[in-house]
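Chemist: Quick one: this structure, given as structure tokens, is what I'll be asking you about.
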Amino acid sequence: MKILFHLSQFNIGGAEMSTLRLLNALEARGARITLVLTERGGALVDRLAPSIKIVHLRPGLRSENPAVRMLRGGLGAVAALRLALGRYDGAAVGMTGAPTWVIRHVIRARNKLHFIRNDLSQLSRSKDIVNRVRRNLRAFSSFVCVSDVARQSLVAAVPEVADKVHVVYNILDPDEMRARARAEPPPFPPRRNGALRIISVCRLHEKAKGLTRMTQVARRLLDAGLDFDWFVLGDGPNRDHIEAEIAARDLGRHVHLLGRIENPFPAYAECDLVAMLSNYEGLCGVVNEAKIMGKPIVATRVSGVDEQLVHGETGLIAEQDADSIFDAMHKLMTDDALRETLSNDRLPAALLDDAHKLDMIELLFSGKVSK
């Protein structure tokens, strides 16, 4: 099967990691894959299977120089022309908000998919995306949602799309995650006696990840007499903001920003609990990763979390406010028996069945799946 995916860029992020696993898994099944990237670069490019062909629509680096911009545009036009001359069994827009014109107008493919990785009811750009889906309904044979809540939000916004919407959960590849956990030492200093190790794996983005609220909860836990080291793995545009919050609340000894860690799995393996405190998610990869690594987790009630966790059995689900998060964190940190109970690798069967997910994607690309 000859398949093409289009993404704007390929940097580290939950959706990008899911796409990486999907592309590599399809390649391992024998698919011939072309990945079209609007912008050159991206930290995940080097982790693609070597046989995956990469095409850049804007070769070189961004520049304010008009001549450079014109050259990039010309080279991009040549790349688009070459793509237009090919034929594919299937093509896909890989992200919810990615441009669709390449797949719609340039690529010749029998079946065209559009991945929806977000709950549109919680997405700030939802109106634009809904309008795009409605305009392009005939251009795409299927819309692939990564959670049922994403499917529900899309159908609620665009009822006429219902017959083309399918839920296919993200590829997990648990064996690969566990192997990566053994590949490197954890990124922690020596453990302090009596201090619990907490990790959060997230982009440093205030609006999406609730960084201020995280520091508020950390301060309250300290004031309640708990001792911990809370390690935050990730980088992003609001690093200065969270650094200021850490300083203002005198958390420097307890909350540590480790920056971008390309392999977070040794940290999962050696932590005591995971805190996923986002304001919103599509289907949170951190929750899946924490459970595959057998870790207890506190997760805020984001889209899809009820498809991943059973409250009190595989994790604790906190409401979207600081009091609820504090209560859940405090309970898990002070109740050794509860941490032991939640230290399991149980996920719903549908999330773990990677073979079925790949079967579904292949059938959608081949046009053999219908409602």
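Residues are referred to by chain and number: the chain letter is A, B, ... according to the order shown in the structure tokens, the number counts from 1 in that chain, and ligands are numbered separately from 1 in the order shown.
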Within 12 Å of region 135-155 of chain A, which residues of region 77-129 of chain A show up? Give each one with its shortest atom-to-atom distance in Å (one decimal) and the two atoms involved, counting only C-alpha atoms, rows by chain then rising residue number, as a tab-separated table.
Modeler:
```
residue	atom	partner	partner_atom	distance
A:Gly90	CA	A:Ser141	CA	9.8
A:Ala91	CA	A:Phe140	CA	9.5
A:Ala92	CA	A:Phe140	CA	8.8
A:Val93	CA	A:Phe143	CA	9.6
A:Gly94	CA	A:Val144	CA	9.5
A:Met95	CA	A:Val144	CA	10.2
A:Thr96	CA	A:Cys145	CA	9.3
A:Pro99	CA	A:Asn136	CA	11.7
A:Thr100	CA	A:Asn136	CA	8.8
A:Trp101	CA	A:Asn136	CA	9.9
A:Val102	CA	A:Ala139	CA	11.5
A:Ile103	CA	A:Ala139	CA	8.8
A:Arg104	CA	A:Ala139	CA	6.2
A:His105	CA	A:Ala139	CA	9.2
A:Val106	CA	A:Ala139	CA	11.9
A:Ile107	CA	A:Ala139	CA	11.3
A:Arg108	CA	A:Ala139	CA	11.3
A:Ala109	CA	A:Phe140	CA	10.3
A:Arg110	CA	A:Ser141	CA	8.8
A:Asn111	CA	A:Ser141	CA	5.6
A:Lys112	CA	A:Phe140	CA	4.9
A:Leu113	CA	A:Ser142	CA	5.0
A:His114	CA	A:Phe143	CA	4.8
A:Phe115	CA	A:Val144	CA	4.6
A:Ile116	CA	A:Cys145	CA	4.7
A:Arg117	CA	A:Val146	CA	5.5
A:Asn118	CA	A:Ala150	CA	5.6
A:Asp119	CA	A:Ala150	CA	4.3
A:Leu120	CA	A:Ser153	CA	5.5
A:Ser121	CA	A:Ser153	CA	6.0
A:Gln122	CA	A:Ser153	CA	9.0
A:Leu123	CA	A:Ser153	CA	10.3
A:Ser126	CA	A:Leu154	CA	9.5
A:Lys127	CA	A:Leu154	CA	11.1
A:Asp128	CA	A:Arg135	CA	10.6
A:Ile129	CA	A:Leu154	CA	9.6
```
Chemist: Would you save the residues of that selection, restricted to C-alpha atoms, as a compact mmCIF listing (two decimals), in the first residue's frame?
Modeler:
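Dumped to result_1.txt:
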```
# COMPACT_ATOMS: atom_id res chain seq x y z
CA GLY A 90 -4.39 6.64 0.53
CA ALA A 91 -3.47 10.07 1.85
CA ALA A 92 -4.12 11.75 5.18
CA VAL A 93 -4.10 15.11 6.93
CA GLY A 94 -2.39 14.05 10.15
CA MET A 95 -3.46 16.80 12.58
CA THR A 96 -6.74 18.48 13.44
CA PRO A 99 -3.78 22.72 6.24
CA THR A 100 -5.84 20.47 3.96
CA TRP A 101 -5.03 21.94 0.53
CA VAL A 102 -2.14 19.58 -0.15
CA ILE A 103 -4.27 16.48 0.30
CA ARG A 104 -7.35 18.01 -1.34
CA HIS A 105 -5.80 19.63 -4.40
CA VAL A 106 -2.31 18.23 -4.98
CA ILE A 107 -2.37 14.56 -4.03
CA ARG A 108 -4.05 11.94 -6.18
CA ALA A 109 -5.29 9.15 -3.90
CA ARG A 110 -8.29 6.86 -3.96
CA ASN A 111 -9.13 7.50 -0.30
CA LYS A 112 -8.32 10.57 1.78
CA LEU A 113 -8.43 10.67 5.58
CA HIS A 114 -8.51 13.58 8.00
CA PHE A 115 -7.37 12.88 11.57
CA ILE A 116 -9.27 14.70 14.33
CA ARG A 117 -7.19 14.59 17.52
CA ASN A 118 -9.18 17.00 19.68
CA ASP A 119 -12.51 17.45 21.38
CA LEU A 120 -13.81 20.31 19.25
CA SER A 121 -16.04 21.55 22.06
CA GLN A 122 -12.88 22.52 23.98
CA LEU A 123 -10.74 23.76 21.11
CA SER A 126 -13.15 24.82 16.68
CA LYS A 127 -15.25 27.19 14.56
CA ASP A 128 -12.59 27.32 11.84
CA ILE A 129 -12.15 23.55 11.89
```
Chemist: Which residues, written as a ChimeraX atom specification, have at least one atom at most 10 Å from Lys357 (chain A), with only C-alpha atoms counted and residues fewer than 6 positions away on the same chain left out?
Modeler: /A:22,167-171,350-351,363
Chemist: So that I can check the surroundings of region 256-262 of chain A, please list as a PyMOL selection string every protein, DNA and RNA residue that reaches within 10 Å of it, counting only C-alpha atoms and ignoring chain neighbours fewer than 3 positions away.
Modeler: chain A and resi 12+43-44+187-188+199-204+229-236+239+242-243+246+251-253+265+267
Chemist: Please report the interatomic distance between CA of Ala162 (chain A) and CA of Gln308 (chain A) in Å with one decimal.
Modeler: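 Result for CA of Ala162 (chain A) versus CA of Gln308 (chain A): 23.5 Å, one decimal.
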Chemist: Which distance in Å separates CA of Gly304 (chain A) and CA of Val369 (chain A), to one decimal?
Modeler: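 It comes out at 23.8 Å.
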